[in-house]
file protein.pdb (PDB, C-alpha atoms)
ATOM      1  CA  MET A   1     -20.315   7.015  -7.372
ATOM      2  CA  ILE A   2     -18.781   3.549  -7.787
ATOM      3  CA  GLU A   3     -17.576   2.866 -11.335
ATOM      4  CA  LEU A   4     -17.302  -0.754 -12.424
ATOM      5  CA  LYS A   5     -14.481  -1.276 -14.896
ATOM      6  CA  THR A   6     -14.667  -3.294 -18.088
ATOM      7  CA  PRO A   7     -12.157  -6.114 -18.679
ATOM      8  CA  ALA A   8     -10.325  -3.824 -21.126
ATOM      9  CA  GLU A   9     -10.094  -1.062 -18.531
ATOM     10  CA  ILE A  10      -8.812  -3.510 -15.928
ATOM     11  CA  GLN A  11      -6.088  -4.521 -18.359
ATOM     12  CA  ARG A  12      -5.104  -0.866 -18.698
ATOM     13  CA  MET A  13      -4.870  -0.666 -14.912
ATOM     14  CA  HIS A  14      -2.742  -3.802 -15.036
ATOM     15  CA  VAL A  15      -0.218  -1.945 -17.195
ATOM     16  CA  ALA A  16       0.181   0.649 -14.446
ATOM     17  CA  GLY A  17       0.208  -2.128 -11.850
ATOM     18  CA  ARG A  18       3.108  -3.942 -13.464
ATOM     19  CA  PHE A  19       5.142  -0.746 -13.454
ATOM     20  CA  VAL A  20       4.308  -0.068  -9.791
ATOM     21  CA  ALA A  21       5.443  -3.620  -9.000
ATOM     22  CA  GLU A  22       8.705  -2.984 -10.849
ATOM     23  CA  VAL A  23       9.343   0.202  -8.870
ATOM     24  CA  LEU A  24       8.720  -1.463  -5.504
ATOM     25  CA  SER A  25      10.970  -4.385  -6.434
ATOM     26  CA  GLU A  26      13.770  -1.964  -7.265
ATOM     27  CA  VAL A  27      13.255   0.079  -4.103
ATOM     28  CA  GLY A  28      13.456  -3.119  -2.064
ATOM     29  CA  THR A  29      16.733  -3.996  -3.761
ATOM     30  CA  LEU A  30      18.236  -0.516  -3.325
ATOM     31  CA  ALA A  31      17.196  -0.056   0.307
ATOM     32  CA  ASP A  32      20.402  -0.778   2.213
ATOM     33  CA  VAL A  33      22.463   0.486   5.114
ATOM     34  CA  GLY A  34      23.858   3.925   4.233
ATOM     35  CA  VAL A  35      21.240   4.769   1.578
ATOM     36  CA  ASN A  36      19.491   8.115   1.996
ATOM     37  CA  LEU A  37      15.706   8.324   1.595
ATOM     38  CA  LEU A  38      16.124  11.330  -0.704
ATOM     39  CA  ASP A  39      18.277   9.230  -3.032
ATOM     40  CA  LEU A  40      15.501   6.619  -3.217
ATOM     41  CA  GLU A  41      13.011   9.383  -4.010
ATOM     42  CA  GLN A  42      15.195  10.710  -6.825
ATOM     43  CA  HIS A  43      15.690   7.223  -8.249
ATOM     44  CA  VAL A  44      11.944   6.616  -8.371
ATOM     45  CA  ARG A  45      11.382  10.023  -9.982
ATOM     46  CA  GLY A  46      13.747   8.939 -12.744
ATOM     47  CA  MET A  47      11.926   5.644 -13.249
ATOM     48  CA  ILE A  48       8.565   7.412 -13.512
ATOM     49  CA  LYS A  49       9.922   9.962 -15.990
ATOM     50  CA  ARG A  50      11.537   7.331 -18.204
ATOM     51  CA  ARG A  51       8.329   5.284 -18.281
ATOM     52  CA  GLY A  52       6.188   8.298 -19.153
ATOM     53  CA  ALA A  53       3.987   7.661 -16.121
ATOM     54  CA  GLU A  54       2.445  10.236 -13.806
ATOM     55  CA  SER A  55       2.805  10.248 -10.046
ATOM     56  CA  CYS A  56      -0.528  10.147  -8.221
ATOM     57  CA  TYR A  57       1.180  11.674  -5.181
ATOM     58  CA  TRP A  58       2.690  14.829  -6.653
ATOM     59  CA  ASP A  59       0.523  17.826  -5.702
ATOM     60  CA  TYR A  60      -1.940  15.545  -3.881
ATOM     61  CA  ALA A  61      -3.702  17.611  -1.216
ATOM     62  CA  PRO A  62      -6.328  15.645   0.760
ATOM     63  CA  SER A  63      -8.042  17.013   3.847
ATOM     64  CA  PHE A  64      -5.884  14.943   6.211
ATOM     65  CA  GLY A  65      -2.515  16.064   4.813
ATOM     66  CA  LYS A  66      -0.504  19.262   4.974
ATOM     67  CA  GLY A  67      -0.542  19.556   1.198
ATOM     68  CA  PRO A  68       0.370  19.649  -1.479
ATOM     69  CA  PHE A  69       2.522  16.508  -1.355
ATOM     70  CA  ARG A  70       5.708  17.133  -3.320
ATOM     71  CA  ASN A  71       7.190  13.665  -3.605
ATOM     72  CA  VAL A  72       6.475  10.612  -5.758
ATOM     73  CA  ILE A  73       6.813   7.874  -3.133
ATOM     74  CA  CYS A  74       5.993   7.499   0.552
ATOM     75  CA  LEU A  75       8.932   6.185   2.599
ATOM     76  CA  SER A  76       8.116   5.385   6.228
ATOM     77  CA  VAL A  77      10.742   4.143   8.697
ATOM     78  CA  ASN A  78      10.292   2.043  11.852
ATOM     79  CA  ASP A  79       7.356   3.476  13.861
ATOM     80  CA  ALA A  80       6.249   5.495  10.812
ATOM     81  CA  VAL A  81       3.816   3.473   8.710
ATOM     82  CA  LEU A  82       1.848   5.670   6.285
ATOM     83  CA  HIS A  83       2.475   8.718   4.093
ATOM     84  CA  GLY A  84       6.109   9.013   5.152
ATOM     85  CA  LEU A  85       7.608  12.143   3.646
ATOM     86  CA  PRO A  86      11.034  11.366   2.112
ATOM     87  CA  HIS A  87      13.609  13.418   3.979
ATOM     88  CA  ASP A  88      17.317  13.561   4.745
ATOM     89  CA  TYR A  89      17.625  10.283   6.614
ATOM     90  CA  THR A  90      20.256   7.599   6.060
ATOM     91  CA  LEU A  91      19.024   4.043   6.549
ATOM     92  CA  ARG A  92      20.611   2.099   9.414
ATOM     93  CA  ASP A  93      21.089  -1.576  10.088
ATOM     94  CA  GLY A  94      17.809  -3.070  11.291
ATOM     95  CA  ASP A  95      15.555  -0.262  10.073
ATOM     96  CA  VAL A  96      12.079  -1.219   8.861
ATOM     97  CA  LEU A  97      11.169   0.614   5.646
ATOM     98  CA  SER A  98       7.656   0.793   4.192
ATOM     99  CA  ALA A  99       7.469   2.038   0.596
ATOM    100  CA  ASP A 100       4.130   3.039  -0.938
ATOM    101  CA  ILE A 101       3.609   4.303  -4.488
ATOM    102  CA  ALA A 102       0.757   5.029  -6.888
ATOM    103  CA  VAL A 103       1.135   6.017 -10.527
ATOM    104  CA  SER A 104      -1.120   6.587 -13.503
ATOM    105  CA  ILE A 105      -0.346   5.439 -17.037
ATOM    106  CA  ASP A 106      -2.591   6.570 -19.893
ATOM    107  CA  GLY A 107      -5.225   7.701 -17.406
ATOM    108  CA  TRP A 108      -5.417   4.549 -15.248
ATOM    109  CA  ALA A 109      -3.934   4.189 -11.774
ATOM    110  CA  ALA A 110      -2.437   1.453  -9.599
ATOM    111  CA  ASP A 111      -1.283   1.592  -5.972
ATOM    112  CA  SER A 112       0.885  -0.778  -3.936
ATOM    113  CA  ALA A 113       3.085  -0.909  -0.839
ATOM    114  CA  ARG A 114       5.616  -3.240   0.725
ATOM    115  CA  THR A 115       7.717  -3.329   3.874
ATOM    116  CA  VAL A 116      11.323  -4.548   4.041
ATOM    117  CA  VAL A 117      14.028  -4.751   6.695
ATOM    118  CA  VAL A 118      17.319  -3.018   5.984
ATOM    119  CA  GLY A 119      20.344  -5.122   6.875
ATOM    120  CA  THR A 120      19.973  -7.346   9.944
ATOM    121  CA  ALA A 121      16.358  -8.355  10.549
ATOM    122  CA  ALA A 122      14.893  -8.806  14.018
ATOM    123  CA  GLU A 123      12.400 -11.669  14.267
ATOM    124  CA  GLU A 124       9.673  -9.412  15.685
ATOM    125  CA  ASP A 125      10.004  -7.128  12.645
ATOM    126  CA  LEU A 126       9.783 -10.045  10.230
ATOM    127  CA  ARG A 127       6.741 -11.262  12.150
ATOM    128  CA  ILE A 128       4.723  -8.060  11.761
ATOM    129  CA  ILE A 129       5.667  -7.803   8.087
ATOM    130  CA  ARG A 130       4.534 -11.394   7.604
ATOM    131  CA  ALA A 131       1.260 -10.584   9.362
ATOM    132  CA  THR A 132       0.445  -7.751   6.957
ATOM    133  CA  GLU A 133       1.353  -9.920   3.965
ATOM    134  CA  GLU A 134      -0.864 -12.774   5.180
ATOM    135  CA  ALA A 135      -3.680 -10.327   5.937
ATOM    136  CA  LEU A 136      -3.364  -8.933   2.416
ATOM    137  CA  GLU A 137      -3.575 -12.403   0.868
ATOM    138  CA  ALA A 138      -6.642 -13.167   3.005
ATOM    139  CA  ALA A 139      -8.236  -9.909   1.859
ATOM    140  CA  ILE A 140      -7.489 -10.724  -1.780
ATOM    141  CA  GLU A 141      -9.033 -14.178  -1.399
ATOM    142  CA  ALA A 142     -12.209 -12.549  -0.053
ATOM    143  CA  ALA A 143     -12.461 -10.155  -3.018
ATOM    144  CA  ARG A 144     -14.833 -12.382  -4.994
ATOM    145  CA  PRO A 145     -18.178 -11.715  -6.680
ATOM    146  CA  GLY A 146     -21.049 -12.328  -4.293
ATOM    147  CA  ASN A 147     -19.008 -11.603  -1.176
ATOM    148  CA  ARG A 148     -19.411  -8.316   0.666
ATOM    149  CA  LEU A 149     -17.013  -5.550   1.544
ATOM    150  CA  GLY A 150     -17.176  -6.592   5.186
ATOM    151  CA  ASP A 151     -15.778  -9.995   4.232
ATOM    152  CA  ILE A 152     -12.556  -8.303   3.109
ATOM    153  CA  SER A 153     -12.296  -6.238   6.290
ATOM    154  CA  ALA A 154     -13.090  -9.248   8.484
ATOM    155  CA  ALA A 155     -10.422 -11.323   6.740
ATOM    156  CA  ILE A 156      -7.771  -8.711   7.512
ATOM    157  CA  HIS A 157      -8.887  -8.381  11.123
ATOM    158  CA  ALA A 158      -8.870 -12.153  11.629
ATOM    159  CA  VAL A 159      -5.190 -12.356  10.686
ATOM    160  CA  ALA A 160      -4.364  -9.412  12.963
ATOM    161  CA  CYS A 161      -6.137 -11.188  15.831
ATOM    162  CA  ASP A 162      -4.231 -14.406  15.147
ATOM    163  CA  TYR A 163      -0.973 -12.488  15.485
ATOM    164  CA  GLY A 164      -2.168 -10.378  18.410
ATOM    165  CA  TYR A 165      -1.904  -7.013  16.669
ATOM    166  CA  PRO A 166      -4.450  -4.208  17.244
ATOM    167  CA  VAL A 167      -6.113  -2.644  14.186
ATOM    168  CA  ASN A 168      -6.632   1.020  13.345
ATOM    169  CA  THR A 169      -9.672   1.833  11.188
ATOM    170  CA  GLU A 170      -8.956   5.488  10.377
ATOM    171  CA  PHE A 171      -6.833   4.636   7.335
ATOM    172  CA  GLY A 172      -7.348   1.590   5.145
ATOM    173  CA  GLY A 173      -8.028   0.509   1.605
ATOM    174  CA  HIS A 174      -9.998   2.379  -1.043
ATOM    175  CA  GLY A 175     -11.470   2.317  -4.491
ATOM    176  CA  ILE A 176      -9.077   3.032  -7.367
ATOM    177  CA  GLY A 177      -9.262   3.384 -11.138
ATOM    178  CA  ARG A 178      -9.159   6.621 -13.096
ATOM    179  CA  THR A 179      -7.802   8.280  -9.953
ATOM    180  CA  MET A 180      -5.853   6.979  -6.971
ATOM    181  CA  HIS A 181      -8.725   7.391  -4.515
ATOM    182  CA  GLU A 182     -12.232   6.521  -5.650
ATOM    183  CA  GLU A 183     -15.412   5.707  -3.749
ATOM    184  CA  LEU A 184     -15.341   3.062  -1.042
ATOM    185  CA  HIS A 185     -13.287   3.018   2.123
ATOM    186  CA  VAL A 186     -12.112  -0.488   3.000
ATOM    187  CA  PRO A 187     -11.383  -0.571   6.731
ATOM    188  CA  ASN A 188      -8.983  -3.173   8.063
ATOM    189  CA  LYS A 189     -11.587  -4.316  10.560
ATOM    190  CA  GLY A 190     -15.207  -5.205   9.886
ATOM    191  CA  ARG A 191     -18.026  -7.748  10.034
ATOM    192  CA  ALA A 192     -18.348 -10.541   7.513
ATOM    193  CA  GLY A 193     -21.530 -10.511   5.457
ATOM    194  CA  ARG A 194     -22.001  -6.755   5.820
ATOM    195  CA  GLY A 195     -21.532  -3.889   3.408
ATOM    196  CA  LEU A 196     -21.543  -3.516  -0.362
ATOM    197  CA  LYS A 197     -21.950  -6.675  -2.425
ATOM    198  CA  LEU A 198     -18.845  -7.241  -4.550
ATOM    199  CA  ARG A 199     -19.407  -7.285  -8.298
ATOM    200  CA  PRO A 200     -17.112  -7.931 -11.275
ATOM    201  CA  GLY A 201     -15.416  -4.724 -12.368
ATOM    202  CA  LEU A 202     -14.887  -3.380  -8.852
ATOM    203  CA  THR A 203     -11.263  -2.315  -8.366
ATOM    204  CA  LEU A 204      -9.817  -1.797  -4.902
ATOM    205  CA  ALA A 205      -6.510  -0.976  -3.244
ATOM    206  CA  LEU A 206      -6.362  -3.280  -0.219
ATOM    207  CA  GLU A 207      -3.824  -2.292   2.416
ATOM    208  CA  PRO A 208      -3.528  -3.880   5.839
ATOM    209  CA  TRP A 209      -1.104  -2.104   8.136
ATOM    210  CA  PHE A 210      -0.372  -2.847  11.762
ATOM    211  CA  ALA A 211       1.616  -1.491  14.685
ATOM    212  CA  ARG A 212       2.895  -3.932  17.262
ATOM    213  CA  THR A 213       1.194  -2.621  20.381
ATOM    214  CA  THR A 214      -1.300   0.150  19.550
ATOM    215  CA  ASP A 215      -4.144   1.072  17.229
ATOM    216  CA  ARG A 216      -3.610   4.790  17.789
ATOM    217  CA  ILE A 217      -1.653   7.083  15.477
ATOM    218  CA  VAL A 218       0.081  10.469  15.591
ATOM    219  CA  PHE A 219       1.175  12.840  12.821
ATOM    220  CA  ASP A 220       4.663  14.279  12.419
ATOM    221  CA  PRO A 221       5.072  18.063  12.250
ATOM    222  CA  ASP A 222       5.442  17.658   8.458
ATOM    223  CA  GLY A 223       1.687  17.079   8.403
ATOM    224  CA  TRP A 224       1.947  13.828   6.468
ATOM    225  CA  THR A 225       3.980  11.126   8.181
ATOM    226  CA  ILE A 226       1.804   8.873  10.359
ATOM    227  CA  ARG A 227       3.385   6.966  13.252
ATOM    228  CA  SER A 228       2.260   4.535  15.903
ATOM    229  CA  ALA A 229       1.254   6.570  18.958
ATOM    230  CA  ASP A 230       3.476   4.546  21.313
ATOM    231  CA  GLY A 231       6.540   4.344  19.057
ATOM    232  CA  SER A 232       6.158   0.626  18.349
ATOM    233  CA  ARG A 233       7.309  -0.631  14.979
ATOM    234  CA  THR A 234       4.937  -1.035  12.073
ATOM    235  CA  ALA A 235       4.445  -2.697   8.684
ATOM    236  CA  HIS A 236       2.271  -2.067   5.625
ATOM    237  CA  SER A 237       1.377  -4.227   2.606
ATOM    238  CA  GLU A 238      -0.873  -3.216  -0.291
ATOM    239  CA  HIS A 239      -2.030  -4.415  -3.694
ATOM    240  CA  THR A 240      -4.460  -3.137  -6.299
ATOM    241  CA  VAL A 241      -7.034  -5.853  -6.924
ATOM    242  CA  ALA A 242      -9.815  -6.266  -9.478
ATOM    243  CA  VAL A 243     -12.916  -8.316  -8.724
ATOM    244  CA  THR A 244     -13.576 -10.442 -11.815
ATOM    245  CA  GLU A 245     -15.966 -13.223 -12.822
ATOM    246  CA  ASP A 246     -13.088 -15.650 -12.258
ATOM    247  CA  GLY A 247     -12.195 -14.258  -8.843
ATOM    248  CA  PRO A 248      -9.668 -11.677  -7.629
ATOM    249  CA  LEU A 249      -6.993 -10.451 -10.039
ATOM    250  CA  VAL A 250      -3.967  -8.796  -8.421
ATOM    251  CA  LEU A 251      -2.756  -5.992 -10.701
ATOM    252  CA  THR A 252       0.420  -5.091  -8.761
ATOM    253  CA  ARG A 253       1.920  -8.510  -8.032
ATOM    254  CA  ARG A 254       5.753  -8.420  -7.996
ATOM    255  CA  ASP A 255       7.839 -11.004  -9.862
ATOM    256  CA  ALA A 256       9.274 -12.410  -6.624
ATOM    257  CA  GLU A 257       5.748 -12.974  -5.313
ATOM    258  CA  LEU A 258       4.701 -14.706  -8.519
ATOM    259  CA  LYS A 259       7.708 -17.053  -8.333
ATOM    260  CA  SER A 260       6.977 -17.931  -4.707
ATOM    261  CA  MET A 261       3.402 -18.867  -5.661
ATOM    262  CA  ARG A 262       4.437 -21.338  -8.340
TER
END
call {"tool": "encode", "arguments": {"input": "protein.pdb", "output": "structure tokens"}}
result
Amino acid sequence: MIELKTPAEIQRMHVAGRFVAEVLSEVGTLADVGVNLLDLEQHVRGMIKRRGAESCYWDYAPSFGKGPFRNVICLSVNDAVLHGLPHDYTLRDGDVLSADIAVSIDGWAADSARTVVVGTAAEEDLRIIRATEEALEAAIEAARPGNRLGDISAAIHAVACDYGYPVNTEFGGHGIGRTMHEELHVPNKGRAGRGLKLRPGLTLALEPWFARTTDRIVFDPDGWTIRSADGSRTAHSEHTVAVTEDGPLVLTRRDAELKSMR
């Protein structure tokens, strides 16, 4: 069942969203050559504890994972793109790191992801990151009352096509609110004008992710980490977005993003 949120409930989600944005900003700052993924995990655990938030990942056990998940952030490196299990790995110069986190504060959740390059950035890595960010902005722009769910999916796919990246439809965006995953799957490929009509109060986590040269994925033996099937590098961008009478409201926008938009 799809639950439309009231403006007051969206504001409560925004509280969680601002904290998620703060965490991802800090992770992006801390991610550097010589930093261990487990140290990043522990740092985020401390932030969540101090804020009095709850991790949406801890003990999460969906059908596709080898649950329960016992970490508070997904950290995926290079050809890994989704659900990366933090492990004993020290970041190297040129690594691509995708960080994805969802938390709940006072019963309302927010979910966001970003991809950064550690140290020296290769142009092709910056390009795929830029593609996911542009696809996310296109998806957000399409999240307006009167549009349809397919308009969001088509917007993401159009950007992928412009950049020449294939698109996987097994994992994509989703509804969010009282829990991390609510009704509605938002594939990163679809047909404009099709699907559910968007109404004010609908809250979605939109998350384009691409691999350079394949739309196929493989799972690590840990049962969680998802990689590109051919080992090509990947990127992932995500925001929690509310459909409102005035248009899309991004609940997880980071300060650096807000400054760049001014």
call {"tool": "closest_residue", "arguments": {"input": "protein.pdb", "among": "A:Asp222, A:Asp59, A:Glu238, A:Glu22", "to": "Ile140 in chain A", "atoms": "all atoms listed in the file"}}
result
A:Glu238
call {"tool": "atom_distance", "arguments": {"input": "protein.pdb", "atom1": "CA of Ile128 in chain A", "atom2": "CA of Glu257 in chain A"}}
result
17.8 Å
call {"tool": "closest_residue", "arguments": {"input": "protein.pdb", "among": "A:Arg191, A:Lys5, A:Arg233, A:Arg254", "to": "Ala155 in chain A", "atoms": "all atoms listed in the file"}}
result
A:Arg191
call {"tool": "resolve_selection", "arguments": {"input": "protein.pdb", "expression": "the PyMOL selection byres ((chain A and resi 183) around 10)", "output": "list in words"}}
result
Met1, Ile2, Glu3, His174, Gly175, Ile176, Gly177, His181, Glu182, Leu184, His185, Val186 and Leu204 of chain A
call {"tool": "write_last_selection", "arguments": {"input": "protein.pdb", "atoms": "C-alpha atoms", "output": "PDB file, keeping the file's coordinate frame"}}
result
ATOM      1  CA  MET A   1     -20.315   7.015  -7.372  1.00  0.00           C
ATOM      2  CA  ILE A   2     -18.781   3.549  -7.787  1.00  0.00           C
ATOM      3  CA  GLU A   3     -17.576   2.866 -11.335  1.00  0.00           C
ATOM      4  CA  HIS A 174      -9.998   2.379  -1.043  1.00  0.00           C
ATOM      5  CA  GLY A 175     -11.470   2.317  -4.491  1.00  0.00           C
ATOM      6  CA  ILE A 176      -9.077   3.032  -7.367  1.00  0.00           C
ATOM      7  CA  GLY A 177      -9.262   3.384 -11.138  1.00  0.00           C
ATOM      8  CA  HIS A 181      -8.725   7.391  -4.515  1.00  0.00           C
ATOM      9  CA  GLU A 182     -12.232   6.521  -5.650  1.00  0.00           C
ATOM     10  CA  LEU A 184     -15.341   3.062  -1.042  1.00  0.00           C
ATOM     11  CA  HIS A 185     -13.287   3.018   2.123  1.00  0.00           C
ATOM     12  CA  VAL A 186     -12.112  -0.488   3.000  1.00  0.00           C
ATOM     13  CA  LEU A 204      -9.817  -1.797  -4.902  1.00  0.00           C
TER      14      LEU A 204
END
call {"tool": "resolve_selection", "arguments": {"input": "protein.pdb", "expression": "the PyMOL selection byres ((chain A and resi 34) around 12)", "output": "list of chain:residue names"}}
result
A:Leu30, A:Ala31, A:Asp32, A:Val33, A:Val35, A:Asn36, A:Leu37, A:Leu38, A:Asp39, A:Leu40, A:Asp88, A:Tyr89, A:Thr90, A:Leu91, A:Arg92, A:Asp93, A:Gly94, A:Asp95, A:Val118, A:Gly119
call {"tool": "write_last_selection", "arguments": {"input": "protein.pdb", "atoms": "C-alpha atoms", "output": "JSON list (two decimals), in the frame of the given file"}}
result
[["chain", "number", "residue", "atom", "x", "y", "z"],
["A", 30, "LEU", "CA", 18.24, -0.52, -3.32],
["A", 31, "ALA", "CA", 17.20, -0.06, 0.31],
["A", 32, "ASP", "CA", 20.40, -0.78, 2.21],
["A", 33, "VAL", "CA", 22.46, 0.49, 5.11],
["A", 35, "VAL", "CA", 21.24, 4.77, 1.58],
["A", 36, "ASN", "CA", 19.49, 8.12, 2.00],
["A", 37, "LEU", "CA", 15.71, 8.32, 1.60],
["A", 38, "LEU", "CA", 16.12, 11.33, -0.70],
["A", 39, "ASP", "CA", 18.28, 9.23, -3.03],
["A", 40, "LEU", "CA", 15.50, 6.62, -3.22],
["A", 88, "ASP", "CA", 17.32, 13.56, 4.74],
["A", 89, "TYR", "CA", 17.62, 10.28, 6.61],
["A", 90, "THR", "CA", 20.26, 7.60, 6.06],
["A", 91, "LEU", "CA", 19.02, 4.04, 6.55],
["A", 92, "ARG", "CA", 20.61, 2.10, 9.41],
["A", 93, "ASP", "CA", 21.09, -1.58, 10.09],
["A", 94, "GLY", "CA", 17.81, -3.07, 11.29],
["A", 95, "ASP", "CA", 15.56, -0.26, 10.07],
["A", 118, "VAL", "CA", 17.32, -3.02, 5.98],
["A", 119, "GLY", "CA", 20.34, -5.12, 6.88]]
call {"tool": "closest_residue", "arguments": {"input": "protein.pdb", "among": "A:Leu198, A:Leu85, A:Ile152, A:Leu24", "to": "Thr115 in chain A", "atoms": "all atoms listed in the file"}}
result
A:Leu24
call {"tool": "closest_residue", "arguments": {"input": "protein.pdb", "among": "A:Arg50, A:Arg227, A:Lys66, A:His239", "to": "Leu82 in chain A", "atoms": "all atoms listed in the file"}}
result
A:Arg227
call {"tool": "residues_around", "arguments": {"input": "protein.pdb", "residues": "range 156-168 of chain A", "least_positions_apart": "3", "cutoff": "10 Å", "atoms": "all atoms listed in the file", "output": "MDAnalysis selection string"}}
result
chainID A and resid 127:128 130:140 142 150:153 171:172 187:191 206:217 228
call {"tool": "atom_distance", "arguments": {"input": "protein.pdb", "atom1": "CA of Gly65 in chain A", "atom2": "CA of Ile105 in chain A"}}
result
24.4 Å
call {"tool": "residues_near_point", "arguments": {"input": "protein.pdb", "point": "(8.2, -4.2, -5.5)", "cutoff": "12 Å", "atoms": "all atoms listed in the file", "output": "VMD selection string"}}
result
chain A and resid 17 to 31 44 98 to 102 111 to 116 237 to 239 252 to 258
call {"tool": "atom_distance", "arguments": {"input": "protein.pdb", "atom1": "CA of Val81 in chain A", "atom2": "CA of Thr179 in chain A"}}
result
22.5 Å
call {"tool": "closest_residue", "arguments": {"input": "protein.pdb", "among": "A:Ile226, A:Thr234, A:Gly201, A:Asp246", "to": "Thr6 in chain A", "atoms": "all atoms listed in the file"}}
result
A:Gly201
call {"tool": "residues_around", "arguments": {"input": "protein.pdb", "residues": "His14 in chain A", "least_positions_apart": "2", "cutoff": "9 Å", "atoms": "all atoms listed in the file", "output": "PyMOL selection string"}}
result
chain A and resi 9-12+16-19+108-110+240+250-252
call {"tool": "axis_aligned_box", "arguments": {"input": "protein.pdb", "around": "range 58-72 of chain A", "padding_each_side": "8 Å", "output": "JSON"}}
result
{"center_x": -0.4, "center_y": 15.1, "center_z": -0.2, "size_x": 31.2, "size_y": 25.0, "size_z": 28.9}
call {"tool": "closest_residue", "arguments": {"input": "protein.pdb", "among": "A:Ala80, A:Leu196, A:Ala242, A:Ile73", "to": "Gly146 in chain A", "atoms": "only C-alpha atoms"}}
result
A:Leu196
call {"tool": "residues_around", "arguments": {"input": "protein.pdb", "residues": "Trp224 in chain A", "least_positions_apart": "6", "cutoff": "12 Å", "atoms": "all atoms listed in the file", "output": "CSV table (one decimal) with C-alpha atoms, in the coordinates of the input"}}
result
chain,number,residue,atom,x,y,z
A,57,TYR,CA,1.2,11.7,-5.2
A,60,TYR,CA,-1.9,15.5,-3.9
A,61,ALA,CA,-3.7,17.6,-1.2
A,62,PRO,CA,-6.3,15.6,0.8
A,63,SER,CA,-8.0,17.0,3.8
A,64,PHE,CA,-5.9,14.9,6.2
A,65,GLY,CA,-2.5,16.1,4.8
A,66,LYS,CA,-0.5,19.3,5.0
A,67,GLY,CA,-0.5,19.6,1.2
A,68,PRO,CA,0.4,19.6,-1.5
A,69,PHE,CA,2.5,16.5,-1.4
A,70,ARG,CA,5.7,17.1,-3.3
A,71,ASN,CA,7.2,13.7,-3.6
A,74,CYS,CA,6.0,7.5,0.6
A,75,LEU,CA,8.9,6.2,2.6
A,76,SER,CA,8.1,5.4,6.2
A,80,ALA,CA,6.2,5.5,10.8
A,81,VAL,CA,3.8,3.5,8.7
A,82,LEU,CA,1.8,5.7,6.3
A,83,HIS,CA,2.5,8.7,4.1
A,84,GLY,CA,6.1,9.0,5.2
A,85,LEU,CA,7.6,12.1,3.6
A,86,PRO,CA,11.0,11.4,2.1
A,87,HIS,CA,13.6,13.4,4.0
A,217,ILE,CA,-1.7,7.1,15.5
A,218,VAL,CA,0.1,10.5,15.6
call {"tool": "resolve_selection", "arguments": {"input": "protein.pdb", "expression": "the PyMOL selection byres ((chain A and resi 48) around 10)", "output": "ChimeraX atom specification"}}
result
/A:19-20,23,42-47,49-55,72,103-105
